[in-house]
Number of protein chains: 2
Amino acid sequence: MGNLGTLFSPERVAVIGATESSGAVGAAIMENLLDGFEGDVIPVNPNADEVFGIAALDDISEASDVDLAVVVVPPGIAVDVLKQAGEAGITDVVVVTAGFGEAGSEGASREKQLQSIAAEYDMNLVGPNCLGIISSPVGMNATFASQSALEGSISFMSQSGAFITAVLDWASDRDLGFKDVVSLGNKAVLDEGDFIDFWGEDPDTDVILGYLEDIDDGREFIDTARKVTEDTPIVTVKSGRTDAGANAAASHTGAIAGSERAYEAGLEQAGVIRAESVQELFDYASILEGQPRADDDGIAIVTNAGGPGVMSTDAVGDSSLQMADFTDETLQRLEEAMPDAANIFNPVDVLGDAPVDRYDEALDIVLEDPNVGSVMVVACPTAVMEFEDLAEVVADTSRETDTPIATSLMGGESATTAASILDDVGVPSYFDPARGVESLDALRQYARTQDRTFEDPARFDVDEERVDEIIQRAVDRGSNALGVEAMGLLDAYGIPTPEGDIVDNPKDAVAAAEAIEGNVVMKIVSPDILHKSDIGGVEVNVPVEEVADTYDNLISRAKNYQPDADLIGVQVQEMLDLESGTETIVGMNRDPQFGPLVLFGLGGIFVEVLEDTSVRVAPVSEREATEMVDDVDSAPLLRGARGRDPVDEGAVVETIQRLSQLVTDFPEILELDINPLVASPDGVSAVDVRLTIDQDKRNGGN
Amino acid sequence: MGNLGTLFSPERVAVIGATESSGAVGAAIMENLLDGFEGDVIPVNPNADEVFGIAALDDISEASDVDLAVVVVPPGIAVDVLKQAGEAGITDVVVVTAGFGEAGSEGASREKQLQSIAAEYDMNLVGPNCLGIISSPVGMNATFASQSALEGSISFMSQSGAFITAVLDWASDRDLGFKDVVSLGNKAVLDEGDFIDFWGEDPDTDVILGYLEDIDDGREFIDTARKVTEDTPIVTVKSGRTDAGANAAASHTGAIAGSERAYEAGLEQAGVIRAESVQELFDYASILEGQPRADDDGIAIVTNAGGPGVMSTDAVGDSSLQMADFTDETLQRLEEAMPDAANIFNPVDVLGDAPVDRYDEALDIVLEDPNVGSVMVVACPTAVMEFEDLAEVVADTSRETDTPIATSLMGGESATTAASILDDVGVPSYFDPARGVESLDALRQYARTQDRTFEDPARFDVDEERVDEIIQRAVDRGSNALGVEAMGLLDAYGIPTPEGDIVDNPKDAVAAAEAIEGNVVMKIVSPDILHKSDIGGVEVNVPVEEVADTYDNLISRAKNYQPDADLIGVQVQEMLDLESGTETIVGMNRDPQFGPLVLFGLGGIFVEVLEDTSVRVAPVSEREATEMVDDVDSAPLLRGARGRDPVDEGAVVETIQRLSQLVTDFPEILELDINPLVASPDGVSAVDVRLTIDQDKRNGGN
């Protein structure tokens, strides 16, 4: 796969399947290309001498110097056509044709053929089953949409072609422009990761927008997006957010849905701003395109009406922003400049009799306050001020400041001209002040993403060989599940476990118990016995002199209960003071898109009843592991709530990181649960663990 | 206060303070009235012979047969003018003049004078400090807004006059009409409760909208709104929802803010639909005005594009609606009518090549499904269908069905004409499908409100006299706080308490212990000792033979610890098996607007750390008390989570109701906490209680 530059700025575009026949996709694409594309358009159609007055080639093999081929021939011959294009040296191809992965097993096998041809010729292939692509700087509309895009600095990709047609229609009405637009289609070759990678480097793209129904390779997407979002914001709607939506998406795309929790964690870790609706998507895009960074959480509101000021403040309360706390200097300057009845505290009320100059003064003053990271201007219609005049003042102010501004000019027609004055300088204007505040919030969210440092996950010094051996033993005996024997895995990765050993005779049991201070816990060890307590397979508080007898008792109970069970032996373990500790759970399962997903929560009711857990895509850094602990509602219980001593939170965070390393190093670990991990003021101890391995993956399969 | 009918449909309106002077409020109101009002307008101004060509009176006393007086004279003379109006027999008055409650102590005392004059002459008084009122059926615009209202069936009240000017300006641009509009101002006499009461009976009002910053009498509002919402939906923005917003509102209105939790509970109990933003307010109003009831949670989505179908389904997932489960008959009919590639399951995808007839057929089929309570039509632009044609089909369908429909025609200019065709039949249309789904959700929410039966709170047979005596004893000794002695209050109201007694000598202590089976708990009883355990004031598991000595020990410890403490005696109580029970908390505090607010939660960490509680305004019915238990996240712990026996939930619900009755019967109880109320499979027991009384209220004060 090469750089995508030529895909978006070709000089010669061939349309394979070009036609003049009305209503045909091949005609619509020809017409769109001929309407504005700066380069050459070459129709390919063996049954026509010319198409729209341009001499048609019989065959793409005849073409020379073609940069981009758009394929609209029927699916049955598309594969051959692609091969011909490859032979002709064309490396950028858009396959509009449908009838591939989305169309049964025959289609799926055709799609596999597309993929191998693309690999063979190192092609950048968009689609198949897509609307096409647009690149406005070269006037190229290689889609069959009825509307093209105005020029702009937003690049937009969508897994729904219809949504693109809708957005183009709507955007042209609003002077909203795009740099590139891509209909992703089946994503046989190029996917969302490739496009964000390219647009991240593209100087003409200021904002990347996406409508996504799934992400092919979650981990890769995270890594790419992190780099891209250092300079270019990414805003996406990821649909199928809700259970209902996920069901609908699955029936629409046929994709195996990753869990919403994985997407939520993954997109957050990637630094992507997630929009929940079409309105949010474009509100956020507009302000990110038009306004500077918001360098502080503090927002100042300047209004000429108390009620709308309160509504705006409520919107701030709903957001991650804070009402800016003005400095004394600001308050003093406002007091001098504003009439007595004005409210100089935030939200600043310049009063209903405010002429435009008073707004101007108030704006200038709050913009100089170091605690103000963004400004929301709210105005109701009055007899003493025209919205247009206010818009001019805000536009002038906006040109001179590095602080972002949004507005709510609360009127109808009278606000329309004003809005277009503001639009020219990239200041958004909405009737509802909440939309303005939410937009500024998205801007601030992006600044926080930029400021975030992505340190690499820590690599602890661990004993990988020992883990490998333990897993191999399970594989050799044909077992997918590991019980207490998996304690060795944790130990090998430096996760503290209670003192003790697994033994297979009474003598070793006594020796193990003698090495431990105080009485011990003894548990049967068998991959076939899951509920050990139920069969009397656990004895607690065993004094050393009773250890040998207890060993025999446990073994004979297990044999009685399940004669065919594979008995590994007995675990002899120190007694932990569970009363002084707090039970937590650290676990992992694998998501089809994002891979290993690490989970943290407090044990018992907190996970089981309250579902109070946090997840991240592994490997996780120390910052991310710390966030996982912070994110659970029950975190105060670790920090000395209700008069208890705070637990060693650092040890919890480290355990999450070590487990993250373990499951990253060993992809054959399918699921893993440390439950409980007892956290106390002195550290943590993994009291019990369960683990499932994927035999196929262990054996080199996928 | 009389019926408000004449306020909104007067025949003769006097403007006291009328003038021609440009920019003056008295001029703006005159101009607005002269522009369209069907009745007579009478200017009153001692310094002018005529105003805008109409003979002016010197004095309102000279007027005869005036139905409504609008007062715009300066605040200093407004009180006198009001009195003259009263003398002249005018009972409907709008005081536009500012400078009352909002303007310091002088203003506040002027406002009190207004109130007493209004009471004396039984006046319907709007304001003061307001924009005025509008009633479109009689063409009356008695405000100083620059825009009037189109005719419509929405009546709108607002605590912000500026917000009214904004809404009028914006609405006129959108063909959104109003029946009445009221600027509430300071609400010296008429408040939100009076207007919902009137509009509830008004045949010309279909929907009531409100922008409120506070509610004067919460309980009265709930009772009125419950009646009104049987026939007329009420949608409000209650601003100051968030902490930030509440601070801003307090500084704006100077009102003592009730808690957001009280508003949330109270508005829900009242059946009011709460909008969180201006956009929601008008989206909900539009669909409630234009569309029929939604009789089922099931929603059908019909789309010509998969992606927007998934986005719409996500919006359903966010709402209280459910994707309708089609009957076999519906599926069969869709299968016959739609092409093979169409998705006949919900969301129904009629495909991008769908002509308008296919939409028509799909709509007809899903509308006949009994599981479909509302329909969302989603369409992207295609070459084979015009939005206008689809709009005609939806409009025709809408006329013939009792099922509500909303649309998302996802285009720009091409959707505008279509939207206006739909608007004519009251079908909303948004670019973002989420807004359509949210609107249908509000419609369904209103139907649920209508279906809700508000049974009266149960009245249990209780011993009010005993409660009165206990409170009186505390009052007599000058104490505001009651400790364990308050157990008697609970007992008198049938709330189970542990067996036992409060005694003041060792002999009675022994007698009390002998009456109890098993060992007992003994606690010092003193209103001055709050933390009994800390001073050794509690002894558990006391055998009967040690009771006398323990009595003496407890008393002497208490005397040592706090010699001046008022010692009531010692409580001798049965030992409860706390292990088998679950600790809950039932409490009450008083909200300045809504009065007694009853709270329920699980004890310990659930309330203290997780803040997992539910509240309702008392008195609560059995249904409301049941909802309170259902509403907490930790409720599963009462229902046998983690292998425990379920507790007697009915006894918990009954305790909430009995406590609700207690605090309603005795307004002098300021705060009350039963903590813990131990719930077990056998019932509940109030182990400890704290209570604060309001001496002033007890003595008849306010």
# chains A, B, ... in the order shown; residues from 1 in each chain; ligands from 1
>>> residues_around(residues="stretch 669-673 of chain B", least_positions_apart="2", cutoff="7 Å", atoms="only C-alpha atoms", output="PyMOL selection string")
chain B and resi 586-590+663+666-667+675+689-694
>>> select_by_dssp(residues="stretch 109-337 of chain A", states="strand (DSSP E)", output="count of residues only")
48
>>> select_by_dssp(residues="stretch 117-163 of chain A", states="helix (DSSP H, G or I)", output="PDB file with N, CA, C and O atoms, in the first residue's frame")
ATOM      1  N   ILE A 117      -5.318  -9.510  -5.295  1.00  0.00           N
ATOM      2  CA  ILE A 117      -4.807  -8.717  -6.428  1.00  0.00           C
ATOM      3  C   ILE A 117      -4.229  -7.392  -5.924  1.00  0.00           C
ATOM      4  O   ILE A 117      -3.137  -6.982  -6.329  1.00  0.00           O
ATOM      5  N   ALA A 118      -4.969  -6.762  -4.995  1.00  0.00           N
ATOM      6  CA  ALA A 118      -4.482  -5.492  -4.449  1.00  0.00           C
ATOM      7  C   ALA A 118      -3.121  -5.679  -3.777  1.00  0.00           C
ATOM      8  O   ALA A 118      -2.223  -4.841  -3.909  1.00  0.00           O
ATOM      9  N   ALA A 119      -2.969  -6.810  -3.072  1.00  0.00           N
ATOM     10  CA  ALA A 119      -1.695  -7.086  -2.401  1.00  0.00           C
ATOM     11  C   ALA A 119      -0.600  -7.305  -3.441  1.00  0.00           C
ATOM     12  O   ALA A 119       0.511  -6.771  -3.327  1.00  0.00           O
ATOM     13  N   GLU A 120      -0.946  -8.052  -4.479  1.00  0.00           N
ATOM     14  CA  GLU A 120       0.037  -8.377  -5.515  1.00  0.00           C
ATOM     15  C   GLU A 120       0.584  -7.117  -6.176  1.00  0.00           C
ATOM     16  O   GLU A 120       1.782  -6.984  -6.412  1.00  0.00           O
ATOM     17  N   SER A 136     -11.838  17.910  -3.033  1.00  0.00           N
ATOM     18  CA  SER A 136     -12.274  19.197  -3.558  1.00  0.00           C
ATOM     19  C   SER A 136     -11.143  20.073  -4.103  1.00  0.00           C
ATOM     20  O   SER A 136     -11.389  20.847  -5.032  1.00  0.00           O
ATOM     21  N   PRO A 137      -9.905  19.995  -3.583  1.00  0.00           N
ATOM     22  CA  PRO A 137      -8.872  20.892  -4.151  1.00  0.00           C
ATOM     23  C   PRO A 137      -8.636  20.664  -5.643  1.00  0.00           C
ATOM     24  O   PRO A 137      -8.292  21.598  -6.366  1.00  0.00           O
ATOM     25  N   VAL A 138      -8.819  19.413  -6.121  1.00  0.00           N
ATOM     26  CA  VAL A 138      -8.647  19.169  -7.559  1.00  0.00           C
ATOM     27  C   VAL A 138     -10.006  19.051  -8.261  1.00  0.00           C
ATOM     28  O   VAL A 138     -10.084  18.649  -9.421  1.00  0.00           O
ATOM     29  N   GLY A 161     -22.613   4.997   2.590  1.00  0.00           N
ATOM     30  CA  GLY A 161     -22.593   5.861   1.416  1.00  0.00           C
ATOM     31  C   GLY A 161     -23.786   6.801   1.411  1.00  0.00           C
ATOM     32  O   GLY A 161     -23.675   7.978   1.057  1.00  0.00           O
ATOM     33  N   ALA A 162     -24.946   6.278   1.833  1.00  0.00           N
ATOM     34  CA  ALA A 162     -26.151   7.107   1.845  1.00  0.00           C
ATOM     35  C   ALA A 162     -25.976   8.298   2.764  1.00  0.00           C
ATOM     36  O   ALA A 162     -26.450   9.402   2.493  1.00  0.00           O
ATOM     37  N   PHE A 163     -25.288   8.071   3.877  1.00  0.00           N
ATOM     38  CA  PHE A 163     -25.070   9.173   4.816  1.00  0.00           C
ATOM     39  C   PHE A 163     -24.236  10.271   4.145  1.00  0.00           C
ATOM     40  O   PHE A 163     -24.457  11.457   4.378  1.00  0.00           O
TER      41      PHE A 163
END
>>> closest_residue(among="B:Asp534, B:Gln571, B:Asn553, B:Arg444", to="B:Gly500", atoms="only C-alpha atoms")
B:Gln571
>>> residues_around(residues="stretch 221-234 of chain A", least_positions_apart="6", cutoff="10 Å", atoms="only C-alpha atoms", output="ChimeraX atom specification")
/A:154-156,191-194,196-203,205-210,215,266-274,284-285,288-289,443,445-447,449-454,593-594,617
>>> atom_distance(atom1="atom CA of B:Thr403", atom2="atom CA of B:Asp295")
7.8 Å
